[in-house]
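Data from input08.csv: CSV, C-alpha atoms
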```csv
chain,number,residue,atom,x,y,z
K,1,MET,CA,45.0,-30.7,-42.6
K,2,ILE,CA,46.6,-31.6,-39.3
K,3,SER,CA,49.1,-34.4,-39.3
K,4,PHE,CA,48.9,-36.7,-36.3
K,5,GLU,CA,52.3,-38.2,-36.9
K,6,LEU,CA,54.8,-37.0,-34.4
K,7,SER,CA,58.0,-35.3,-35.6
K,8,GLU,CA,61.3,-36.8,-34.8
K,9,GLN,CA,61.9,-34.2,-32.1
K,10,GLN,CA,58.5,-34.9,-30.6
K,11,LYS,CA,59.2,-38.7,-30.6
K,12,GLN,CA,62.5,-38.1,-28.8
K,13,ILE,CA,60.8,-35.9,-26.1
K,14,LYS,CA,58.1,-38.5,-25.6
K,15,GLU,CA,60.6,-41.4,-25.3
K,16,MET,CA,63.0,-39.4,-23.0
K,17,THR,CA,60.2,-38.4,-20.6
K,18,HIS,CA,58.7,-41.9,-20.6
K,19,TRP,CA,62.1,-43.2,-19.6
K,20,PHE,CA,62.4,-40.6,-16.9
K,21,ALA,CA,58.9,-41.4,-15.6
K,22,ALA,CA,59.5,-45.2,-15.6
K,23,ASN,CA,62.9,-45.1,-14.1
K,24,GLU,CA,62.9,-42.1,-11.8
K,25,ILE,CA,59.3,-41.0,-11.0
K,26,ARG,CA,57.4,-44.3,-10.7
K,27,PRO,CA,59.9,-45.9,-8.3
K,28,ILE,CA,59.5,-43.2,-5.7
K,29,ALA,CA,55.8,-42.5,-6.1
K,30,MET,CA,54.5,-44.7,-3.2
K,31,LYS,CA,57.3,-43.6,-0.9
K,32,ALA,CA,56.5,-39.9,-1.6
K,33,GLU,CA,52.8,-40.6,-1.0
K,34,LYS,CA,53.5,-42.0,2.4
K,35,MET,CA,56.0,-39.3,3.3
K,36,GLU,CA,53.5,-36.7,1.9
K,37,ARG,CA,56.5,-35.0,0.3
K,38,VAL,CA,59.0,-35.7,-2.4
K,39,PRO,CA,62.5,-36.4,-1.0
K,40,ASP,CA,64.9,-33.5,-1.1
K,41,ASP,CA,67.8,-35.5,-2.4
K,42,TRP,CA,65.6,-36.7,-5.3
K,43,LEU,CA,64.7,-33.1,-6.2
K,44,ASP,CA,68.3,-32.1,-6.0
K,45,ASN,CA,69.3,-34.8,-8.4
K,46,VAL,CA,66.6,-34.1,-11.0
K,47,ASN,CA,67.4,-30.4,-10.8
K,48,ARG,CA,71.1,-31.2,-11.6
K,49,MET,CA,69.8,-33.2,-14.6
K,50,GLY,CA,68.2,-30.0,-15.8
K,51,ILE,CA,64.6,-31.3,-15.6
K,52,HIS,CA,62.1,-28.5,-14.7
K,53,LEU,CA,58.3,-28.2,-14.8
K,54,ASN,CA,57.6,-25.2,-17.0
K,55,THR,CA,54.0,-25.4,-18.0
K,56,SER,CA,53.9,-22.8,-20.8
K,57,SER,CA,56.7,-24.1,-23.0
K,58,PHE,CA,58.7,-27.3,-22.9
K,59,SER,CA,61.3,-26.4,-25.6
K,60,GLU,CA,61.5,-22.7,-25.8
K,61,ASN,CA,63.4,-20.5,-23.3
K,62,SER,CA,61.7,-17.1,-23.1
K,63,THR,CA,64.9,-15.5,-21.6
K,64,GLN,CA,66.8,-16.1,-24.8
K,65,LYS,CA,66.7,-13.9,-27.8
K,66,THR,CA,65.1,-15.3,-30.9
K,67,SER,CA,66.6,-14.7,-34.3
K,68,ALA,CA,64.6,-13.6,-37.3
K,69,LYS,CA,65.3,-17.0,-38.9
K,70,ASP,CA,64.1,-18.9,-35.8
K,71,SER,CA,61.0,-16.7,-35.4
K,72,LYS,CA,59.7,-18.1,-38.8
K,73,LYS,CA,59.8,-21.6,-37.5
K,74,GLU,CA,56.6,-23.1,-36.3
K,75,ARG,CA,56.6,-23.2,-32.5
K,76,GLU,CA,56.1,-26.6,-30.9
K,77,GLY,CA,56.5,-25.7,-27.2
K,78,ASN,CA,52.9,-26.4,-26.2
K,79,ARG,CA,52.7,-29.7,-28.1
K,80,MET,CA,56.1,-30.7,-26.5
K,81,GLY,CA,54.6,-29.8,-23.2
K,82,VAL,CA,51.5,-32.0,-23.4
K,83,LEU,CA,53.5,-34.9,-24.8
K,84,ALA,CA,56.0,-34.7,-21.9
K,85,THR,CA,53.5,-34.1,-19.3
K,86,GLU,CA,51.3,-37.1,-20.2
K,87,GLU,CA,54.4,-39.3,-19.8
K,88,MET,CA,55.5,-37.8,-16.5
K,89,ALA,CA,51.9,-38.0,-15.0
K,90,TRP,CA,51.9,-41.6,-16.1
K,91,GLY,CA,54.8,-42.0,-13.7
K,92,ASP,CA,53.1,-40.1,-10.9
K,93,PRO,CA,51.1,-36.8,-11.0
K,94,ALA,CA,52.0,-35.6,-7.5
K,95,VAL,CA,55.8,-36.1,-8.1
K,96,THR,CA,55.4,-34.4,-11.5
K,97,LEU,CA,53.8,-31.3,-9.9
K,98,SER,CA,56.6,-31.1,-7.4
K,99,LEU,CA,59.4,-30.9,-10.0
K,100,PRO,CA,61.4,-27.7,-9.8
K,101,GLY,CA,60.6,-24.9,-12.2
K,102,ALA,CA,58.3,-22.0,-12.8
K,103,GLY,CA,55.3,-24.2,-12.9
K,104,LEU,CA,51.9,-22.5,-13.2
K,105,GLY,CA,53.7,-19.2,-12.5
K,106,GLY,CA,55.6,-19.3,-15.7
K,107,PRO,CA,52.8,-18.6,-18.3
K,108,PRO,CA,51.7,-15.2,-16.9
K,109,VAL,CA,55.4,-14.0,-16.6
K,110,GLU,CA,56.2,-15.2,-20.1
K,111,SER,CA,53.0,-13.8,-21.7
K,112,SER,CA,52.6,-10.5,-19.8
K,113,GLY,CA,55.9,-9.7,-18.1
K,114,THR,CA,58.3,-7.0,-19.3
K,115,PRO,CA,61.6,-8.1,-20.8
K,116,GLU,CA,63.3,-7.2,-17.6
K,117,GLN,CA,60.8,-9.2,-15.5
K,118,LYS,CA,61.1,-12.3,-17.7
K,119,LYS,CA,64.9,-12.2,-17.3
K,120,ARG,CA,64.8,-11.5,-13.6
K,121,PHE,CA,62.1,-14.1,-12.6
K,122,LEU,CA,62.7,-16.9,-15.2
K,123,SER,CA,66.5,-16.9,-15.1
K,124,ILE,CA,66.6,-18.3,-11.5
K,125,PHE,CA,65.7,-21.8,-12.7
K,126,THR,CA,69.2,-23.3,-13.1
K,127,LYS,CA,71.0,-26.4,-12.1
K,128,ASP,CA,72.7,-25.0,-9.1
K,129,LYS,CA,69.7,-25.3,-6.7
K,130,PRO,CA,66.1,-26.4,-7.2
K,131,ARG,CA,63.7,-23.5,-7.2
K,132,TRP,CA,60.0,-23.1,-7.8
K,133,GLY,CA,57.5,-20.5,-9.0
K,134,ALA,CA,53.8,-20.5,-8.1
K,135,TYR,CA,50.4,-19.0,-9.2
K,136,ALA,CA,48.0,-17.6,-6.6
K,137,LEU,CA,44.5,-16.8,-7.8
K,138,THR,CA,42.1,-18.9,-5.7
K,139,GLU,CA,40.7,-17.4,-2.5
K,140,PRO,CA,38.2,-18.7,0.1
K,141,GLU,CA,35.4,-16.9,-1.6
K,142,ALA,CA,36.7,-16.7,-5.2
K,143,GLY,CA,37.7,-19.9,-6.9
K,144,SER,CA,35.7,-20.8,-10.0
K,145,ASP,CA,34.6,-17.1,-10.3
K,146,ALA,CA,38.1,-15.5,-10.7
K,147,SER,CA,36.4,-12.1,-11.2
K,148,GLY,CA,35.4,-12.1,-7.6
K,149,ILE,CA,38.8,-12.0,-5.9
K,150,ARG,CA,39.0,-9.8,-2.8
K,151,THR,CA,42.8,-9.5,-2.2
K,152,THR,CA,43.5,-5.7,-2.4
K,153,ALA,CA,46.4,-3.7,-3.8
K,154,LYS,CA,46.6,-0.1,-2.6
K,155,LYS,CA,48.9,2.2,-4.5
K,156,VAL,CA,51.6,3.9,-2.4
K,157,ALA,CA,54.9,5.6,-3.1
K,158,GLY,CA,57.1,3.2,-4.9
K,159,GLY,CA,54.7,0.3,-5.1
K,160,TYR,CA,51.6,-1.4,-3.7
K,161,ILE,CA,50.4,-2.7,-0.3
K,162,LEU,CA,48.7,-6.1,-0.7
K,163,ASN,CA,46.2,-7.6,1.8
K,164,GLY,CA,44.4,-10.8,1.4
K,165,GLN,CA,44.4,-14.6,1.5
K,166,LYS,CA,45.1,-17.2,-1.2
K,167,ILE,CA,44.4,-21.0,-0.9
K,168,PHE,CA,45.2,-24.2,-2.7
K,169,ILE,CA,48.4,-22.8,-4.1
K,170,THR,CA,50.6,-25.5,-5.6
K,171,ASN,CA,54.2,-25.3,-4.3
K,172,GLY,CA,53.2,-22.1,-2.5
K,173,GLU,CA,55.5,-22.4,0.5
K,174,ARG,CA,58.7,-23.4,-1.3
K,175,ALA,CA,58.3,-21.0,-4.2
K,176,SER,CA,60.9,-18.3,-4.8
K,177,TRP,CA,58.2,-16.1,-6.1
K,178,VAL,CA,54.4,-16.2,-6.6
K,179,VAL,CA,52.2,-14.5,-9.2
K,180,VAL,CA,49.5,-13.0,-7.0
K,181,PHE,CA,46.3,-11.5,-8.4
K,182,ALA,CA,44.7,-8.6,-6.5
K,183,THR,CA,42.3,-5.7,-7.2
K,184,VAL,CA,43.2,-2.0,-7.0
K,185,ASP,CA,39.5,-1.0,-7.1
K,186,ALA,CA,36.8,-3.6,-6.5
K,187,SER,CA,34.1,-1.3,-7.9
K,188,ARG,CA,35.8,-1.6,-11.4
K,189,GLY,CA,35.3,-5.3,-11.4
K,190,ARG,CA,37.7,-7.2,-13.7
K,191,ALA,CA,39.2,-3.9,-15.0
K,192,GLY,CA,40.6,-3.2,-11.5
K,193,GLN,CA,42.5,-6.5,-11.2
K,194,ARG,CA,46.3,-6.6,-11.4
K,195,ALA,CA,48.9,-9.3,-11.3
K,196,PHE,CA,52.0,-9.0,-9.1
K,197,VAL,CA,55.1,-11.1,-8.6
K,198,VAL,CA,55.6,-11.4,-4.8
K,199,GLU,CA,59.0,-12.8,-3.8
K,200,LYS,CA,59.7,-15.2,-1.0
K,201,GLY,CA,60.9,-13.4,2.2
K,202,THR,CA,58.8,-10.2,1.4
K,203,SER,CA,57.6,-8.7,4.7
K,204,GLY,CA,53.9,-9.5,5.3
K,205,PHE,CA,53.9,-12.5,3.0
K,206,SER,CA,53.7,-15.9,4.7
K,207,CYS,CA,52.5,-19.5,4.4
K,208,THR,CA,49.9,-20.1,7.1
K,209,ARG,CA,49.1,-23.8,6.4
K,210,LEU,CA,49.9,-26.8,4.2
K,211,ALA,CA,46.7,-28.6,3.2
K,212,LYS,CA,46.1,-32.2,4.2
K,213,LYS,CA,44.6,-33.9,1.1
K,214,MET,CA,42.8,-37.0,-0.2
K,215,GLY,CA,45.0,-37.2,-3.3
K,216,LEU,CA,48.3,-35.7,-4.6
K,217,ARG,CA,49.6,-36.0,-1.1
K,218,ALA,CA,53.2,-35.8,-2.1
K,219,ASN,CA,52.7,-32.4,-3.6
K,220,GLU,CA,52.7,-29.2,-1.5
K,221,THR,CA,49.5,-27.2,-1.4
K,222,ALA,CA,49.7,-24.0,0.6
K,223,GLU,CA,47.5,-21.3,2.1
K,224,LEU,CA,49.2,-17.9,1.7
K,225,LEU,CA,48.5,-14.7,3.7
K,226,LEU,CA,49.3,-11.1,2.7
K,227,GLU,CA,49.3,-8.6,5.5
K,228,ASP,CA,50.3,-5.1,4.6
K,229,CYS,CA,52.7,-6.7,2.2
K,230,PHE,CA,54.7,-4.1,0.2
K,231,VAL,CA,55.4,-5.1,-3.4
K,232,PRO,CA,57.6,-2.7,-5.4
K,233,GLN,CA,56.3,-1.1,-8.5
K,234,GLU,CA,58.7,-3.1,-10.7
K,235,ASN,CA,57.0,-6.3,-9.6
K,236,LEU,CA,53.7,-5.3,-11.2
K,237,LEU,CA,53.5,-7.7,-14.0
K,238,GLY,CA,53.7,-5.9,-17.3
K,239,GLY,CA,54.4,-2.5,-15.7
K,240,GLU,CA,52.1,0.4,-14.9
K,241,GLN,CA,51.7,1.6,-18.4
K,242,VAL,CA,50.2,-1.5,-19.8
K,243,TYR,CA,47.3,-1.3,-17.4
K,244,GLU,CA,46.7,2.5,-17.5
K,245,THR,CA,47.0,3.2,-21.3
K,246,SER,CA,43.5,4.1,-22.5
K,247,ASN,CA,43.6,1.6,-25.4
K,248,SER,CA,45.1,-1.2,-23.4
K,249,LYS,CA,42.8,-4.2,-22.6
K,250,GLN,CA,45.1,-5.9,-20.2
K,251,THR,CA,43.8,-6.5,-16.7
K,252,GLY,CA,44.9,-9.0,-14.0
K,253,PHE,CA,41.8,-11.0,-15.0
K,254,GLN,CA,42.8,-11.3,-18.6
K,255,VAL,CA,46.4,-12.3,-17.5
K,256,ALA,CA,44.8,-15.1,-15.5
K,257,MET,CA,42.5,-16.2,-18.4
K,258,LYS,CA,45.3,-16.2,-20.9
K,259,THR,CA,47.3,-18.3,-18.5
K,260,PHE,CA,44.5,-20.9,-18.5
K,261,ASP,CA,44.7,-21.2,-22.3
K,262,SER,CA,48.2,-22.5,-21.9
K,263,THR,CA,47.8,-24.5,-18.7
K,264,ARG,CA,44.5,-26.3,-19.2
K,265,PRO,CA,45.9,-28.5,-22.0
K,266,ILE,CA,48.8,-29.3,-19.6
K,267,VAL,CA,46.3,-30.3,-16.9
K,268,ALA,CA,44.3,-32.4,-19.5
K,269,ALA,CA,47.5,-34.1,-20.5
K,270,MET,CA,48.2,-35.0,-16.8
K,271,ALA,CA,44.7,-36.5,-16.5
K,272,ILE,CA,45.3,-38.5,-19.6
K,273,GLY,CA,48.6,-39.8,-18.2
K,274,ILE,CA,46.8,-40.9,-15.0
K,275,ALA,CA,44.1,-42.7,-17.0
K,276,ARG,CA,46.7,-44.4,-19.1
K,277,ALA,CA,48.6,-45.6,-16.1
K,278,ALA,CA,45.4,-47.1,-14.5
K,279,TYR,CA,44.4,-48.7,-17.8
K,280,GLU,CA,47.8,-50.3,-18.5
K,281,TYR,CA,48.1,-51.6,-14.9
K,282,THR,CA,44.7,-53.1,-15.1
K,283,LEU,CA,45.2,-54.6,-18.6
K,284,ASP,CA,48.4,-56.3,-17.5
K,285,ILE,CA,46.6,-58.0,-14.5
K,286,VAL,CA,43.6,-59.0,-16.6
K,287,GLN,CA,45.8,-60.5,-19.3
K,288,ARG,CA,48.1,-62.3,-16.8
K,289,ASP,CA,45.7,-63.6,-14.2
K,290,TYR,CA,42.4,-64.4,-15.7
K,291,PRO,CA,41.3,-67.3,-18.0
K,292,LYS,CA,41.3,-66.1,-21.5
K,293,GLN,CA,38.0,-67.7,-22.4
K,294,GLY,CA,36.3,-66.9,-19.1
K,295,ARG,CA,33.2,-64.7,-18.9
K,296,TYR,CA,35.0,-62.2,-16.7
K,297,PHE,CA,37.9,-61.9,-19.2
K,298,LEU,CA,35.4,-61.1,-22.0
K,299,LEU,CA,33.6,-58.5,-19.9
K,300,ALA,CA,36.9,-56.9,-18.8
K,301,SER,CA,38.1,-56.8,-22.4
K,302,GLU,CA,35.1,-54.9,-23.6
K,303,ILE,CA,35.3,-52.4,-20.7
K,304,LEU,CA,39.1,-51.9,-21.3
K,305,ALA,CA,38.5,-51.4,-25.1
K,306,GLU,CA,36.1,-48.6,-24.3
K,307,VAL,CA,38.6,-47.1,-21.8
K,308,GLU,CA,41.3,-47.1,-24.5
K,309,GLN,CA,38.9,-45.3,-26.9
K,310,ASP,CA,38.1,-42.6,-24.3
K,311,ILE,CA,41.8,-42.0,-23.6
K,312,ALA,CA,42.5,-41.6,-27.3
K,313,ALA,CA,39.6,-39.1,-27.7
K,314,ALA,CA,40.9,-37.0,-24.8
K,315,ARG,CA,44.4,-37.0,-26.2
K,316,LEU,CA,43.2,-35.7,-29.6
K,317,LEU,CA,41.2,-32.9,-28.0
K,318,THR,CA,44.3,-31.9,-26.0
K,319,TRP,CA,46.7,-32.0,-29.0
K,320,GLU,CA,44.3,-29.7,-30.9
K,321,ALA,CA,44.3,-27.1,-28.1
K,322,ALA,CA,48.1,-27.3,-27.8
K,323,TRP,CA,48.5,-27.1,-31.6
K,324,LYS,CA,46.4,-23.9,-31.8
K,325,ALA,CA,48.4,-22.3,-29.0
K,326,ASP,CA,51.6,-23.0,-30.9
K,327,LEU,CA,50.2,-21.3,-34.0
K,328,GLY,CA,49.1,-18.3,-31.9
K,329,LEU,CA,45.4,-19.0,-32.6
K,330,ALA,CA,42.6,-18.4,-30.1
K,331,ASN,CA,42.2,-21.7,-28.2
K,332,ALA,CA,40.2,-20.9,-25.1
K,333,LYS,CA,37.3,-23.1,-26.3
K,334,GLU,CA,39.5,-26.0,-27.2
K,335,ALA,CA,41.5,-25.6,-23.9
K,336,ALA,CA,38.2,-25.7,-21.9
K,337,MET,CA,37.0,-28.7,-23.9
K,338,CYS,CA,40.1,-30.9,-23.4
K,339,LYS,CA,40.4,-30.0,-19.8
K,340,ALA,CA,36.7,-30.7,-19.0
K,341,TYR,CA,36.6,-34.0,-21.0
K,342,SER,CA,40.0,-35.3,-19.8
K,343,GLY,CA,39.3,-34.8,-16.1
K,344,LYS,CA,36.0,-36.5,-16.2
K,345,MET,CA,37.3,-39.3,-18.5
K,346,SER,CA,40.2,-40.0,-16.2
K,347,LEU,CA,38.0,-40.2,-13.1
K,348,ASP,CA,35.7,-42.6,-14.9
K,349,VAL,CA,38.6,-44.7,-16.2
K,350,CYS,CA,40.1,-45.1,-12.7
K,351,SER,CA,36.7,-46.0,-11.3
K,352,LYS,CA,36.2,-48.7,-13.9
K,353,CYS,CA,39.7,-50.1,-13.3
K,354,LEU,CA,39.1,-50.3,-9.6
K,355,GLU,CA,35.9,-52.2,-10.2
K,356,LEU,CA,37.6,-54.6,-12.5
K,357,LEU,CA,40.5,-55.2,-10.2
K,358,GLY,CA,38.5,-55.9,-7.0
K,359,PRO,CA,40.9,-56.6,-4.1
K,360,ASP,CA,43.9,-56.1,-6.4
K,361,GLY,CA,43.0,-52.4,-6.6
K,362,LEU,CA,42.5,-51.7,-2.9
K,363,ASP,CA,44.6,-49.8,-0.4
K,364,GLY,CA,48.3,-49.7,-1.2
K,365,HIS,CA,47.9,-50.5,-4.9
K,366,LEU,CA,48.6,-48.1,-7.8
K,367,VAL,CA,45.1,-47.7,-9.1
K,368,GLU,CA,43.6,-46.9,-5.7
K,369,LYS,CA,46.2,-44.1,-5.4
K,370,LEU,CA,45.5,-42.8,-8.9
K,371,TYR,CA,41.7,-42.8,-8.1
K,372,ARG,CA,42.4,-40.4,-5.2
K,373,ASP,CA,44.8,-38.3,-7.2
K,374,VAL,CA,42.6,-37.8,-10.2
K,375,LYS,CA,39.5,-36.3,-8.5
K,376,VAL,CA,41.0,-32.8,-8.4
K,377,PHE,CA,41.6,-32.8,-12.1
K,378,ASP,CA,37.9,-31.9,-12.8
K,379,ILE,CA,38.2,-29.1,-10.2
K,380,PHE,CA,41.5,-27.2,-10.4
K,381,GLU,CA,42.3,-24.8,-13.2
K,382,GLY,CA,38.5,-24.2,-13.4
K,383,THR,CA,35.8,-26.7,-12.5
K,384,ASN,CA,34.0,-28.6,-15.3
K,385,GLN,CA,31.0,-26.4,-14.9
K,386,VAL,CA,33.3,-23.4,-15.6
K,387,GLN,CA,34.7,-25.1,-18.6
K,388,HIS,CA,31.2,-25.7,-20.0
K,389,LEU,CA,30.4,-22.0,-19.4
K,390,VAL,CA,33.5,-21.0,-21.4
K,391,ILE,CA,32.5,-23.4,-24.2
K,392,ALA,CA,28.9,-22.2,-24.3
K,393,ARG,CA,29.9,-18.5,-24.4
K,394,ARG,CA,32.1,-19.2,-27.5
K,395,GLN,CA,29.3,-21.3,-29.1
K,396,TYR,CA,26.8,-18.5,-28.9
K,397,ALA,CA,29.0,-15.5,-29.3
K,398,PRO,CA,28.7,-15.5,-33.2
K,399,TYR,CA,24.9,-15.2,-32.8
K,400,GLY,CA,25.1,-12.2,-30.4
K,401,ILE,CA,23.8,-14.3,-27.5
K,402,LYS,CA,25.5,-13.8,-24.1
K,403,VAL,CA,25.7,-16.8,-21.6
```

If you convert what's in this file into structure tokens, what do you get?
Amino acid sequence: MISFELSEQQKQIKEMTHWFAANEIRPIAMKAEKMERVPDDWLDNVNRMGIHLNTSSFSENSTQKTSAKDSKKEREGNRMGVLATEEMAWGDPAVTLSLPGAGLGGPPVESSGTPEQKKRFLSIFTKDKPRWGAYALTEPEAGSDASGIRTTAKKVAGGYILNGQKIFITNGERASWVVVFATVDASRGRAGQRAFVVEKGTSGFSCTRLAKKMGLRANETAELLLEDCFVPQENLLGGEQVYETSNSKQTGFQVAMKTFDSTRPIVAAMAIGIARAAYEYTLDIVQRDYPKQGRYFLLASEILAEVEQDIAAARLLTWEAAWKADLGLANAKEAAMCKAYSGKMSLDVCSKCLELLGPDGLDGHLVEKLYRDVKVFDIFEGTNQVQHLVIARRQYAPYGIKV
């Protein structure tokens, strides 16, 4: 039986990150929104504090060796991650996504990289200077269908030549390195896909545009271009042998899907944090400004009670997906469920809160901003339709039915 009581360490993480969100993130959120970027001095300061966004593990450092004694302990990194991320997104989702760290690029390096690659690419995130990692899968004609990527990787002496375009890449311009997915042979479908770590400054690798967005304006979203970009063989994630061995099942596609099993609960936790921020803001105004026996107060109380219930349901789905990941259990279905439910739930919550607030929720107010920010949470990391497809495939698989 699963216990829903947080451990002392988990409580400390939750309390610490809530303090950081309330005292450091929330105060600069509106300023960053107007600037459409997070101030550099703020990023320098949080980096010196040692606060990084590492989406695959909040408490474990994959560059450190693990003793036999430690390896027997139950991992809690994914659960720590969703707890911390909910609190930080409650502060502000765009600022949270802009925090220094490996970000979405961390999970594929940690799960599929060689020991040398993990050390080389993950050890750069230190207190001396803020640095970022990024994850580049989406293309103009391949978003939800990750198997349809068209970026090519041609084998040459000493490495590969990459050509293609990637879009909607979080922190793509500022990243020190980007995990880029490409195909060595399109006719082989998913089996031909590979994952490469492309470092900033590599010839032929450039940022062509930063997107102008409805929401998450403070967070950088880049379009990246690869033109005859040479990537050395040692930057092929996992190394040549892991792809070419006859009994190996690893492909770039599988690296991408495995990444989503770690990151979708994190995205769900962010959506929950947004919903909670909108709910708490609205609840405070309703309790403070409206007559307690008035008809509006009773209606608002009923709606907000339903909102609180929906937030709690999303949180439990997300905790289960993170718990399974920590135990090393297959969690693709649970990760898809929590991501699909939380994104839609948060959008619905923000919409209801806007309706309840009326003029108090319009331009320049927190809930209006959150409503714009949250829309993308039922799109990125796989649209809700894709999540439902993942769920359906695992529902029917035991019966031999393909969806």

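If you measure from each of K:Ala146, K:Ala22, K:Ala397, K:Met257 to Pro107 (chain K) using all atoms listed in the file, the closest one turns out to be K:Met257.
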
- Pick from K:Arg120, K:Glu355, K:Glu308, K:Asn331 nearest to Tyr296 (chain K), counting all atoms listed in the file: K:Glu355

- Non-local contacts of Ala21 (chain K) (7 Å; only C-alpha atoms; under 6 positions in same chain excluded) as JSON, numbers by chain: {"K": [87, 88, 91]}

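Proximity of K:Tyr243, K:Trp90, K:Phe205, K:Tyr290 to Ala191 (chain K), computed with all atoms listed in the file, is greatest for K:Tyr243.
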
- Query: Which of these, K:Phe4, K:Phe196, K:Tyr341, K:Phe380, has the shortest distance to Phe230 (chain K) once you count only C-alpha atoms?
  - Reply: K:Phe196

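Using all atoms listed in the file, the nearest neighbour of Asp145 (chain K) within the list K:Leu347, K:Leu327, K:Leu362, K:Gly189 is K:Gly189.
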
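Shell of Leu237 (chain K) at 7 Å, with only C-alpha atoms counted and residues fewer than 3 places along the chain excluded, is Ser112, Gly113, Ala195, Phe196 and Val197 of chain K.
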
Writing out the chosen residues with C-alpha atoms as a short mmCIF file (atom, residue, chain, number, x, y, z; two decimals), in the coordinates of the input:
```cif
data_model
loop_
_atom_site.label_atom_id
_atom_site.label_comp_id
_atom_site.auth_asym_id
_atom_site.auth_seq_id
_atom_site.Cartn_x
_atom_site.Cartn_y
_atom_site.Cartn_z
CA SER K 112 52.60 -10.50 -19.80
CA GLY K 113 55.90 -9.70 -18.10
CA ALA K 195 48.90 -9.30 -11.30
CA PHE K 196 52.00 -9.00 -9.10
CA VAL K 197 55.10 -11.10 -8.60
#
```

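You can rank K:Ser351, K:Ser111, K:Gly294, K:Gln309 by their closest distance to Gly328 (chain K) using only C-alpha atoms, and at the top of that list sits K:Ser111.
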
- Quick one: residues within 12 Å of Lys212 (chain K), only C-alpha atoms counted, chain neighbours fewer than 5 positions away excluded, as a ChimeraX atom specification? /K:33,36-37,168,217-223

Output C-alpha atoms for every residue in the selection just made, as a PDB file, in the coordinates of the input.
```pdb
ATOM      1  CA  GLU K  33      52.800 -40.600  -1.000  1.00  0.00           C
ATOM      2  CA  GLU K  36      53.500 -36.700   1.900  1.00  0.00           C
ATOM      3  CA  ARG K  37      56.500 -35.000   0.300  1.00  0.00           C
ATOM      4  CA  PHE K 168      45.200 -24.200  -2.700  1.00  0.00           C
ATOM      5  CA  ARG K 217      49.600 -36.000  -1.100  1.00  0.00           C
ATOM      6  CA  ALA K 218      53.200 -35.800  -2.100  1.00  0.00           C
ATOM      7  CA  ASN K 219      52.700 -32.400  -3.600  1.00  0.00           C
ATOM      8  CA  GLU K 220      52.700 -29.200  -1.500  1.00  0.00           C
ATOM      9  CA  THR K 221      49.500 -27.200  -1.400  1.00  0.00           C
ATOM     10  CA  ALA K 222      49.700 -24.000   0.600  1.00  0.00           C
ATOM     11  CA  GLU K 223      47.500 -21.300   2.100  1.00  0.00           C
TER      12      GLU K 223
END
```

- Excluding Asn384 (chain K) and residues on its chain fewer than 3 positions from it, collect all residues at most 6 Å away from it, counting only C-alpha atoms, and give them as a ChimeraX atom specification. /K:340,378,387

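CA of Gly238 (chain K) sits 20.8 Å away from CA of Gly101 (chain K).
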
- Please identify all polymer residues within 7 Å of region 261-275 of chain K, counting only C-alpha atoms, omitting same-chain residues fewer than 5 positions from it, and present them as a PyMOL selection string. chain K and resi 55-56+81-82+85-87+89-90+93+311+314-315+318+321-322+331-332+335-336+338-339+342-343+346+349-350+370+374+377+381

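Between CA of Leu389 (chain K) and CA of Gly105 (chain K) lies a distance of 24.5 Å.
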
- Query: For the atom pair CA of Gln241 (chain K) and CA of Lys119 (chain K), what is the interatomic distance in Å to one decimal place?
  - Reply: 19.1 Å
